[in-house]
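Visitor: So here's target-v5.cif, just mmCIF, C-alpha atoms:
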```
data_final
#
loop_
_atom_site.group_PDB
_atom_site.id
_atom_site.type_symbol
_atom_site.label_atom_id
_atom_site.label_comp_id
_atom_site.auth_asym_id
_atom_site.auth_seq_id
_atom_site.Cartn_x
_atom_site.Cartn_y
_atom_site.Cartn_z
ATOM 1 C CA MET A 1 116.763 26.314 12.278
ATOM 2 C CA THR A 2 119.512 28.916 12.427
ATOM 3 C CA PRO A 3 122.102 28.480 9.691
ATOM 4 C CA ALA A 4 125.624 27.611 10.761
ATOM 5 C CA HIS A 5 128.165 30.406 11.003
ATOM 6 C CA PRO A 6 129.912 30.747 7.638
ATOM 7 C CA PHE A 7 133.352 30.364 9.195
ATOM 8 C CA ARG A 8 134.207 27.411 11.359
ATOM 9 C CA GLY A 9 135.624 28.007 14.840
ATOM 10 C CA SER A 10 136.877 31.261 13.498
ATOM 11 C CA ASP A 11 137.645 33.412 16.508
ATOM 12 C CA ARG A 12 139.884 30.891 18.186
ATOM 13 C CA ARG A 13 141.655 30.110 14.946
ATOM 14 C CA TRP A 14 142.368 33.742 14.339
ATOM 15 C CA ARG A 15 143.534 34.480 17.851
ATOM 16 C CA MET A 16 145.975 31.637 17.528
ATOM 17 C CA GLY A 17 147.070 32.938 14.184
ATOM 18 C CA ALA A 18 147.692 36.359 15.655
ATOM 19 C CA ALA A 19 149.634 34.931 18.596
ATOM 20 C CA ALA A 20 151.789 32.855 16.292
ATOM 21 C CA GLY A 21 152.502 36.045 14.320
ATOM 22 C CA GLY A 22 154.754 36.064 11.309
ATOM 23 C CA GLU A 23 153.951 35.931 7.637
ATOM 24 C CA ARG A 24 151.018 33.604 6.986
ATOM 25 C CA LEU A 25 149.737 34.414 3.540
ATOM 26 C CA PRO A 26 147.822 31.671 1.749
ATOM 27 C CA LEU A 27 149.211 29.946 -1.316
ATOM 28 C CA ASP A 28 145.858 29.769 -3.041
ATOM 29 C CA PRO A 29 143.623 32.862 -2.858
ATOM 30 C CA ASP A 30 140.528 30.666 -3.135
ATOM 31 C CA LEU A 31 141.417 28.937 0.114
ATOM 32 C CA GLU A 32 141.249 30.138 3.692
ATOM 33 C CA PRO A 33 144.291 32.150 4.770
ATOM 34 C CA GLY A 34 146.641 30.198 6.978
ATOM 35 C CA SER A 35 145.063 26.880 6.011
ATOM 36 C CA ASP A 36 147.786 26.113 3.530
ATOM 37 C CA SER A 37 150.786 27.847 5.027
ATOM 38 C CA ILE A 38 153.794 25.668 4.579
ATOM 39 C CA ALA A 39 156.215 24.764 7.317
ATOM 40 C CA PRO A 40 159.277 27.004 7.717
ATOM 41 C CA ALA A 41 162.333 25.833 5.829
ATOM 42 C CA ASP A 42 164.276 24.964 9.021
ATOM 43 C CA THR A 43 161.829 22.302 10.231
ATOM 44 C CA THR A 44 161.461 18.736 9.029
ATOM 45 C CA THR A 45 157.669 18.975 8.817
ATOM 46 C CA ALA A 46 156.491 18.294 5.275
ATOM 47 C CA PRO A 47 154.495 21.065 3.585
ATOM 48 C CA ARG A 48 150.795 20.331 3.812
ATOM 49 C CA ARG A 49 147.348 21.802 3.414
ATOM 50 C CA VAL A 50 144.457 21.375 5.802
ATOM 51 C CA PRO A 51 140.784 21.416 4.733
ATOM 52 C CA LEU A 52 139.132 24.730 4.040
ATOM 53 C CA PRO A 53 137.517 26.141 7.214
ATOM 54 C CA VAL A 54 135.011 28.245 5.249
ATOM 55 C CA ARG A 55 131.553 26.642 5.039
ATOM 56 C CA ARG A 56 131.497 26.510 1.273
ATOM 57 C CA GLY A 57 127.803 26.096 0.738
ATOM 58 C CA HIS A 58 126.827 28.818 3.204
ATOM 59 C CA PRO A 59 124.504 31.371 1.549
ATOM 60 C CA ALA A 60 126.606 34.317 2.756
ATOM 61 C CA VAL A 61 129.800 32.815 1.304
ATOM 62 C CA VAL A 62 128.139 31.917 -2.004
ATOM 63 C CA ALA A 63 126.445 35.334 -2.242
ATOM 64 C CA ALA A 64 129.677 37.283 -1.675
ATOM 65 C CA ILE A 65 131.455 35.296 -4.405
ATOM 66 C CA ALA A 66 128.477 35.377 -6.803
ATOM 67 C CA VAL A 67 128.020 39.161 -6.585
ATOM 68 C CA GLY A 68 131.759 39.748 -7.014
ATOM 69 C CA GLY A 69 131.879 37.263 -9.896
ATOM 70 C CA ALA A 70 128.941 38.906 -11.678
ATOM 71 C CA LEU A 71 130.513 42.369 -11.402
ATOM 72 C CA GLY A 72 133.917 41.069 -12.515
ATOM 73 C CA ALA A 73 132.513 39.386 -15.625
ATOM 74 C CA LEU A 74 130.340 42.393 -16.456
ATOM 75 C CA SER A 75 133.307 44.785 -16.131
ATOM 76 C CA ARG A 76 135.487 42.589 -18.332
ATOM 77 C CA TYR A 77 132.689 42.345 -20.903
ATOM 78 C CA GLU A 78 132.292 46.139 -20.977
ATOM 79 C CA VAL A 79 136.038 46.636 -21.428
ATOM 80 C CA ALA A 80 136.135 44.069 -24.245
ATOM 81 C CA VAL A 81 133.201 45.773 -25.977
ATOM 82 C CA THR A 82 134.676 49.267 -25.541
ATOM 83 C CA TRP A 83 138.178 48.319 -26.717
ATOM 84 C CA PRO A 84 137.770 45.547 -29.288
ATOM 85 C CA VAL A 85 140.973 44.083 -30.681
ATOM 86 C CA GLY A 86 141.229 43.094 -34.334
ATOM 87 C CA SER A 87 142.514 39.654 -35.309
ATOM 88 C CA GLY A 88 146.295 39.518 -35.595
ATOM 89 C CA HIS A 89 146.710 42.404 -33.161
ATOM 90 C CA PHE A 90 148.076 42.364 -29.622
ATOM 91 C CA PRO A 91 145.063 41.625 -27.316
ATOM 92 C CA VAL A 92 145.611 44.785 -25.303
ATOM 93 C CA SER A 93 142.313 44.792 -23.382
ATOM 94 C CA THR A 94 142.788 41.260 -22.008
ATOM 95 C CA PHE A 95 146.397 42.130 -21.186
ATOM 96 C CA ALA A 96 145.325 45.245 -19.257
ATOM 97 C CA ILE A 97 142.548 43.360 -17.436
ATOM 98 C CA ASN A 98 144.803 40.501 -16.368
ATOM 99 C CA THR A 99 147.743 42.671 -15.334
ATOM 100 C CA SER A 100 145.594 45.037 -13.273
ATOM 101 C CA GLY A 101 143.885 42.032 -11.640
ATOM 102 C CA ALA A 102 147.220 40.484 -10.689
ATOM 103 C CA PHE A 103 148.281 43.726 -8.983
ATOM 104 C CA LEU A 104 144.968 44.209 -7.190
ATOM 105 C CA LEU A 105 144.847 40.619 -5.938
ATOM 106 C CA GLY A 106 148.341 40.956 -4.464
ATOM 107 C CA PHE A 107 147.382 44.216 -2.786
ATOM 108 C CA ILE A 108 143.881 43.406 -1.480
ATOM 109 C CA LEU A 109 144.708 39.871 -0.335
ATOM 110 C CA THR A 110 147.762 41.052 1.606
ATOM 111 C CA VAL A 111 145.802 43.840 3.289
ATOM 112 C CA SER A 112 142.726 41.702 4.032
ATOM 113 C CA MET A 113 144.855 38.991 5.670
ATOM 114 C CA GLU A 114 146.102 41.513 8.193
ATOM 115 C CA ARG A 115 142.654 42.976 8.800
ATOM 116 C CA GLU A 116 141.166 39.504 9.304
ATOM 117 C CA ARG A 117 143.944 38.628 11.694
ATOM 118 C CA ARG A 118 142.940 41.613 13.790
ATOM 119 C CA ARG A 119 139.480 40.158 13.946
ATOM 120 C CA ALA A 120 137.722 42.507 11.624
ATOM 121 C CA PRO A 121 135.375 39.800 10.252
ATOM 122 C CA ILE A 122 133.933 42.017 7.523
ATOM 123 C CA TRP A 123 137.264 41.575 5.744
ATOM 124 C CA ARG A 124 136.488 37.892 5.244
ATOM 125 C CA TYR A 125 133.556 38.920 3.112
ATOM 126 C CA ILE A 126 135.550 41.639 1.398
ATOM 127 C CA ARG A 127 138.129 38.983 0.525
ATOM 128 C CA LEU A 128 135.521 36.521 -0.770
ATOM 129 C CA PHE A 129 133.788 39.305 -2.705
ATOM 130 C CA ALA A 130 136.834 41.125 -4.071
ATOM 131 C CA CYS A 131 139.496 38.419 -4.397
ATOM 132 C CA VAL A 132 137.634 35.169 -5.056
ATOM 133 C CA GLY A 133 134.593 36.754 -6.737
ATOM 134 C CA PHE A 134 135.522 39.968 -8.518
ATOM 135 C CA LEU A 135 139.224 39.566 -9.334
ATOM 136 C CA GLY A 136 138.947 35.848 -10.086
ATOM 137 C CA SER A 137 136.196 36.694 -12.545
ATOM 138 C CA TRP A 138 137.772 39.914 -13.869
ATOM 139 C CA THR A 139 140.960 38.082 -14.835
ATOM 140 C CA THR A 140 140.819 35.139 -17.200
ATOM 141 C CA MET A 141 143.026 32.335 -18.436
ATOM 142 C CA SER A 142 140.676 30.881 -21.038
ATOM 143 C CA THR A 143 140.684 34.102 -23.085
ATOM 144 C CA ILE A 144 144.498 34.189 -23.035
ATOM 145 C CA ALA A 145 144.518 30.618 -24.342
ATOM 146 C CA VAL A 146 142.001 31.157 -27.133
ATOM 147 C CA GLU A 147 143.518 34.503 -28.188
ATOM 148 C CA THR A 148 146.958 32.892 -28.413
ATOM 149 C CA ASP A 149 145.513 29.965 -30.376
ATOM 150 C CA SER A 150 143.830 32.442 -32.737
ATOM 151 C CA LEU A 151 147.100 34.319 -33.279
ATOM 152 C CA ILE A 152 148.872 31.031 -34.028
ATOM 153 C CA ARG A 153 146.038 30.003 -36.346
ATOM 154 C CA GLY A 154 146.506 33.284 -38.238
ATOM 155 C CA ALA A 155 150.264 32.487 -38.447
ATOM 156 C CA ALA A 156 151.058 35.507 -36.249
ATOM 157 C CA TRP A 157 153.689 33.502 -34.370
ATOM 158 C CA ALA A 158 155.767 36.450 -33.196
ATOM 159 C CA MET A 159 152.663 38.199 -31.878
ATOM 160 C CA ALA A 160 151.516 35.049 -30.055
ATOM 161 C CA LEU A 161 154.916 34.705 -28.404
ATOM 162 C CA ALA A 162 155.046 38.415 -27.553
ATOM 163 C CA TYR A 163 151.560 38.222 -26.039
ATOM 164 C CA LEU A 164 152.455 35.271 -23.809
ATOM 165 C CA ALA A 165 155.802 36.740 -22.765
ATOM 166 C CA ALA A 166 154.226 40.115 -21.959
ATOM 167 C CA THR A 167 151.302 38.577 -20.072
ATOM 168 C CA ILE A 168 153.518 36.313 -17.951
ATOM 169 C CA SER A 169 156.223 38.858 -17.132
ATOM 170 C CA ALA A 170 153.813 41.727 -16.471
ATOM 171 C CA GLY A 171 151.576 39.414 -14.412
ATOM 172 C CA ILE A 172 154.424 38.333 -12.141
ATOM 173 C CA ALA A 173 155.738 41.903 -11.822
ATOM 174 C CA ALA A 174 152.240 43.176 -11.006
ATOM 175 C CA ALA A 175 151.675 40.473 -8.369
ATOM 176 C CA VAL A 176 155.042 41.251 -6.744
ATOM 177 C CA MET A 177 154.308 44.983 -6.718
ATOM 178 C CA GLY A 178 150.762 44.483 -5.442
ATOM 179 C CA THR A 179 151.940 42.280 -2.583
ATOM 180 C CA ALA A 180 154.760 44.706 -1.732
ATOM 181 C CA THR A 181 152.341 47.649 -1.743
ATOM 182 C CA GLY A 182 149.989 45.693 0.520
ATOM 183 C CA ARG A 183 152.787 45.011 3.000
ATOM 184 C CA LEU A 184 153.833 48.653 2.907
ATOM 185 C CA HIS A 185 150.245 49.707 3.564
ATOM 186 C CA ARG A 186 150.050 47.219 6.412
ATOM 187 C CA ARG A 187 153.205 48.504 8.085
ATOM 188 C CA ALA A 188 151.925 52.062 7.767
ATOM 189 C CA GLY A 189 148.677 50.930 9.419
ATOM 190 C CA VAL A 190 150.515 49.376 12.372
ATOM 191 C CA VAL A 191 152.435 52.603 12.986
ATOM 192 C CA THR A 192 149.231 54.668 12.914
ATOM 193 C CA GLU A 193 147.445 52.411 15.380
ATOM 194 C CA ARG A 194 150.296 52.547 17.840
ATOM 195 C CA GLY A 195 150.320 56.313 17.543
ATOM 196 C CA ASP A 196 146.628 56.397 18.332
ATOM 197 C CA ARG A 197 147.026 54.613 21.643
ATOM 198 C CA MET B 1 120.252 42.039 -22.140
ATOM 199 C CA VAL B 2 123.488 40.313 -23.164
ATOM 200 C CA ALA B 3 125.310 42.234 -20.421
ATOM 201 C CA LEU B 4 122.855 40.945 -17.829
ATOM 202 C CA LEU B 5 123.288 37.353 -19.013
ATOM 203 C CA VAL B 6 127.072 37.797 -18.940
ATOM 204 C CA ALA B 7 126.799 38.946 -15.300
ATOM 205 C CA VAL B 8 124.650 35.944 -14.340
ATOM 206 C CA ALA B 9 127.012 33.548 -16.132
ATOM 207 C CA GLY B 10 129.900 35.290 -14.363
ATOM 208 C CA ALA B 11 128.308 34.705 -10.958
ATOM 209 C CA VAL B 12 127.816 31.009 -11.756
ATOM 210 C CA GLY B 13 131.372 30.725 -13.099
ATOM 211 C CA ALA B 14 132.939 32.355 -10.032
ATOM 212 C CA VAL B 15 131.059 30.151 -7.542
ATOM 213 C CA ALA B 16 131.814 27.047 -9.646
ATOM 214 C CA ARG B 17 135.524 27.984 -9.649
ATOM 215 C CA PHE B 18 135.554 28.392 -5.881
ATOM 216 C CA LEU B 19 133.850 25.034 -5.271
ATOM 217 C CA THR B 20 135.883 23.146 -7.896
ATOM 218 C CA ASP B 21 139.201 24.565 -6.719
ATOM 219 C CA ALA B 22 138.418 23.681 -3.101
ATOM 220 C CA ALA B 23 137.163 20.186 -3.980
ATOM 221 C CA VAL B 24 140.282 19.402 -6.029
ATOM 222 C CA GLN B 25 142.612 20.796 -3.385
ATOM 223 C CA ASP B 26 140.897 18.707 -0.685
ATOM 224 C CA ARG B 27 141.990 15.591 -2.512
ATOM 225 C CA ARG B 28 145.596 16.686 -2.870
ATOM 226 C CA ARG B 29 148.405 16.952 -0.402
ATOM 227 C CA GLY B 30 151.276 19.370 -0.790
ATOM 228 C CA THR B 31 151.435 22.947 -1.941
ATOM 229 C CA PHE B 32 151.075 22.689 -5.715
ATOM 230 C CA PRO B 33 147.885 24.515 -6.785
ATOM 231 C CA PHE B 34 146.147 21.720 -8.683
ATOM 232 C CA GLY B 35 142.761 23.383 -8.077
ATOM 233 C CA THR B 36 143.635 26.484 -10.089
ATOM 234 C CA LEU B 37 145.273 24.340 -12.768
ATOM 235 C CA THR B 38 142.082 22.273 -13.048
ATOM 236 C CA VAL B 39 139.662 25.194 -13.416
ATOM 237 C CA ASN B 40 141.919 26.863 -15.983
ATOM 238 C CA TYR B 41 142.275 23.636 -17.964
ATOM 239 C CA VAL B 42 138.554 22.858 -17.964
ATOM 240 C CA GLY B 43 137.487 26.467 -18.647
ATOM 241 C CA SER B 44 139.955 26.855 -21.513
ATOM 242 C CA PHE B 45 138.720 23.614 -23.053
ATOM 243 C CA ILE B 46 135.101 24.827 -22.891
ATOM 244 C CA LEU B 47 136.005 28.204 -24.389
ATOM 245 C CA GLY B 48 137.991 26.431 -27.127
ATOM 246 C CA ALA B 49 135.023 24.188 -27.874
ATOM 247 C CA ILE B 50 132.485 27.001 -28.103
ATOM 248 C CA THR B 51 134.926 29.090 -30.163
ATOM 249 C CA GLY B 52 135.190 26.112 -32.505
ATOM 250 C CA LEU B 53 131.391 25.896 -32.586
ATOM 251 C CA ALA B 54 131.248 29.579 -33.553
ATOM 252 C CA TRP B 55 133.918 29.197 -36.247
ATOM 253 C CA TYR B 56 132.839 25.923 -37.841
ATOM 254 C CA HIS B 57 129.218 25.359 -36.888
ATOM 255 C CA GLY B 58 127.748 28.848 -36.814
ATOM 256 C CA LEU B 59 127.101 29.138 -33.072
ATOM 257 C CA GLY B 60 125.344 32.452 -32.425
ATOM 258 C CA GLY B 61 127.278 35.462 -31.186
ATOM 259 C CA ARG B 62 125.111 35.897 -28.112
ATOM 260 C CA ALA B 63 125.500 32.326 -26.838
ATOM 261 C CA HIS B 64 129.234 32.559 -27.512
ATOM 262 C CA THR B 65 129.479 35.800 -25.533
ATOM 263 C CA VAL B 66 127.423 34.636 -22.561
ATOM 264 C CA VAL B 67 129.171 31.272 -22.139
ATOM 265 C CA GLY B 68 132.608 32.420 -23.294
ATOM 266 C CA VAL B 69 132.964 35.858 -21.733
ATOM 267 C CA GLY B 70 130.590 35.236 -18.828
ATOM 268 C CA PHE B 71 131.072 31.681 -17.646
ATOM 269 C CA CYS B 72 134.509 30.670 -18.990
ATOM 270 C CA GLY B 73 136.043 34.064 -18.217
ATOM 271 C CA ALA B 74 134.840 33.909 -14.625
ATOM 272 C CA PHE B 75 135.527 30.195 -14.151
ATOM 273 C CA THR B 76 139.163 30.583 -15.220
ATOM 274 C CA THR B 77 141.505 32.987 -13.501
ATOM 275 C CA TRP B 78 144.837 34.659 -14.076
ATOM 276 C CA SER B 79 145.251 36.592 -10.836
ATOM 277 C CA SER B 80 145.374 33.365 -8.791
ATOM 278 C CA VAL B 81 148.103 31.980 -11.044
ATOM 279 C CA THR B 82 150.324 35.046 -10.616
ATOM 280 C CA TRP B 83 149.689 35.138 -6.844
ATOM 281 C CA GLU B 84 150.496 31.440 -6.432
ATOM 282 C CA THR B 85 153.639 31.785 -8.549
ATOM 283 C CA VAL B 86 154.918 34.653 -6.417
ATOM 284 C CA ARG B 87 153.964 32.988 -3.109
ATOM 285 C CA LEU B 88 155.601 29.665 -4.038
ATOM 286 C CA ALA B 89 158.750 31.489 -5.143
ATOM 287 C CA GLU B 90 158.817 33.465 -1.876
ATOM 288 C CA ASP B 91 158.599 30.202 0.066
ATOM 289 C CA GLY B 92 161.622 28.882 -1.799
ATOM 290 C CA LEU B 93 159.605 26.490 -3.960
ATOM 291 C CA GLY B 94 161.051 27.753 -7.234
ATOM 292 C CA ARG B 95 160.322 24.636 -9.242
ATOM 293 C CA GLN B 96 156.678 24.577 -8.201
ATOM 294 C CA ALA B 97 156.415 28.293 -8.968
ATOM 295 C CA LEU B 98 157.829 27.750 -12.453
ATOM 296 C CA LEU B 99 155.533 24.786 -13.021
ATOM 297 C CA THR B 100 152.508 26.746 -11.790
ATOM 298 C CA MET B 101 153.122 29.550 -14.277
ATOM 299 C CA LEU B 102 154.535 27.810 -17.363
ATOM 300 C CA GLY B 103 152.628 24.569 -16.819
ATOM 301 C CA GLY B 104 149.432 26.527 -16.220
ATOM 302 C CA VAL B 105 149.766 28.530 -19.438
ATOM 303 C CA ALA B 106 150.846 25.501 -21.492
ATOM 304 C CA THR B 107 147.981 23.277 -20.309
ATOM 305 C CA ALA B 108 145.421 26.052 -20.875
ATOM 306 C CA LEU B 109 146.737 26.603 -24.432
ATOM 307 C CA ALA B 110 146.625 22.880 -25.113
ATOM 308 C CA ALA B 111 143.105 22.598 -23.679
ATOM 309 C CA ALA B 112 141.792 25.447 -25.847
ATOM 310 C CA ALA B 113 143.445 24.009 -28.961
ATOM 311 C CA PHE B 114 142.037 20.580 -28.107
ATOM 312 C CA GLY B 115 138.545 22.050 -27.753
ATOM 313 C CA ILE B 116 138.754 23.881 -31.082
ATOM 314 C CA VAL B 117 140.129 20.866 -32.965
ATOM 315 C CA LEU B 118 137.670 18.441 -31.384
ATOM 316 C CA VAL B 119 134.724 20.565 -32.498
ATOM 317 C CA ALA B 120 136.245 21.109 -35.955
ATOM 318 C CA VAL B 121 136.448 17.396 -36.726
ATOM 319 C CA LEU B 122 133.009 16.578 -35.329
#
```
Take the structure in the file and write it out as structure tokens.
Guide:
Amino acid sequence: MTPAHPFRGSDRRWRMGAAAGGERLPLDPDLEPGSDSIAPADTTTAPRRVPLPVRRGHPAVVAAIAVGGALGALSRYEVAVTWPVGSGHFPVSTFAINTSGAFLLGFILTVSMERERRRAPIWRYIRLFACVGFLGSWTTMSTIAVETDSLIRGAAWAMALAYLAATISAGIAAAVMGTATGRLHRRAGVVTERGDR
Amino acid sequence: MVALLVAVAGAVGAVARFLTDAAVQDRRRGTFPFGTLTVNYVGSFILGAITGLAWYHGLGGRAHTVVGVGFCGAFTTWSSVTWETVRLAEDGLGRQALLTMLGGVATALAAAAFGIVLVAVL
């Protein structure tokens, strides 16, 4: 028995997406692009999500995420081992990991959306591998939580607050810059392709 | 050897995050990213619990590293939270964006603390 295609009704969906045009970035990077786009502000349609079109259990989908996830965790482990942070100190390695991941997710997801829209299906796997697998695994919330709890436990209140404030503000700034860079890259790509014709 | 186990645990954590996030989001309407909130809450609780086990009950360093750095690190995510915050804000959903970021961090902190305390009193 031949396994089902990992993406449901994909070509039609993407052609329609391309025809509709406009900005259709997903709200949740773990979900299929366009599946959770909200209605424009000037319509009365309530914001909604539709079910994920990716076949979640498909071996190709699982493999792309698993390989990315393994590499992400391994990289984070190596960084943590190479730059250990003493108790009571600013957790600089986790901060660097999370901030870089926020930037890269903004950049790669924005670029891959456009590539997928132009029916370059390999980008679906690049997105699952890089965004859902690698970057999801590279960045971490649980370590932020436990590091902050440890700082509080050691009565390093100011450091705990500084860590959270730095992580949140740098994370948002990095995501904004990553997305903006991705859009810039995309516009540059459009210009090049037109020039080629 | 530990590095290899961390990689395997990372693969399991990443796939589990993907499936959990999608399953939670299937059951929700609206744009608020409950899936990401759920994985971060659960993963932070587990990391808190095994950190507590290491502190109070002498859990070995290797097990702590493999489950904590490998699984919990991969299961939870920060990049999704920042992306969702920015996307919600861009779509004019400022309150949801604020709740995604501050609520996400606050619930993860609470979950980790809960895990540590729960293990400490056991």
Visitor: The PyMOL selection byres ((chain B) within 6 of (chain A)) on the file shown: which residues, as a list of chain:residue names?
Guide: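 The output of the PyMOL selection byres ((chain B) within 6 of (chain A)) on this file is B:Ala7, B:Val8, B:Gly10, B:Ala11, B:Ala14, B:Val15, B:Arg29, B:Gly30, B:Gly43, B:Ser44, B:Gly70, B:Gly73, B:Ala74, B:Thr76, B:Thr77, B:Trp78, B:Ser79, B:Thr82, B:Trp83, B:Glu84, B:Arg87, B:Ala108, B:Leu109, B:Ala112.
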Visitor: Applied to this file, what does the PyMOL selection byres ((chain B and resi 67) around 10) return in terms of residues, put as an NGL selection string?
Guide: :B and (5-6 or 9-10 or 13 or 46-47 or 50 or 62-66 or 68-74)
Visitor: Give me, please, the distance in Å between CA of Arg187 (chain A) and CA of Leu93 (chain B), quoted to one decimal.
Guide: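 If I compute the distance from CA of Arg187 (chain A) to CA of Leu93 (chain B), I get 25.9 Å.
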Visitor: Between A:Ala60, A:Ile122, A:Ala156, A:Val111, which is the closest to Phe90 (chain A) once you count all atoms listed in the file?
Guide: A:Ala156
Visitor: Report the distance between CA of Gly182 (chain A) and CA of Phe18 (chain B) in Å, rounded to one decimal place.
Guide: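 Pair CA of Gly182 (chain A) / CA of Phe18 (chain B) returns 23.4 Å.
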Visitor: What gap, in Å, lies between CA of Ser80 (chain B) and CA of Ala3 (chain B)?
Guide: 24.8 Å
Visitor: Find the residues near Ala158 (chain A): any atom within 12 Å, counting all atoms listed in the file, skip ones fewer than 4 places away on the same chain, and give them as a VMD selection string.
Guide: chain A and resid 88 to 90 148 151 to 152 154 162 to 166
Visitor: Excluding same-chain residues fewer than 5 positions from Phe34 (chain B), what lies within 10 Å of it counting all atoms listed in the file, as a VMD selection string?
Guide: (chain A and resid 28) or (chain B and resid 21 to 22 24 to 25 27 to 29 39 to 40 100 104)
Visitor: B:Ile116, B:Gly92, B:Leu122, B:Thr107: which is nearest Thr51 (chain B), counting all atoms listed in the file?
Guide: B:Ile116
Visitor: Can you pull out the residues contacting Leu53 (chain B)? Cut-off 8 Å, using all atoms listed in the file, and skip same-chain residues under 4 positions away; I want them as a PyMOL selection string.
Guide: chain B and resi 49+57-59+116+119-120
Visitor: If I wrap all listed atoms of region 87-106 of chain A in a box with edges along x, y and z and add 5 Å on each side, what are its centre and edge lengths in Å to one decimal, as JSON?
Guide:
```
{"center_x": 145.3, "center_y": 42.4, "center_z": -20.0, "size_x": 16.0, "size_y": 15.7, "size_z": 41.1}
```
Visitor: Considering only C-alpha atoms, return as number ranges by chain whatever protein or nucleic-acid residues lie within 8 Å of Ala111 (chain B), sequence-local ones (same chain, fewer than 4 positions apart) excluded.
Guide: B: 41-42, 44-45, 48, 107, 115
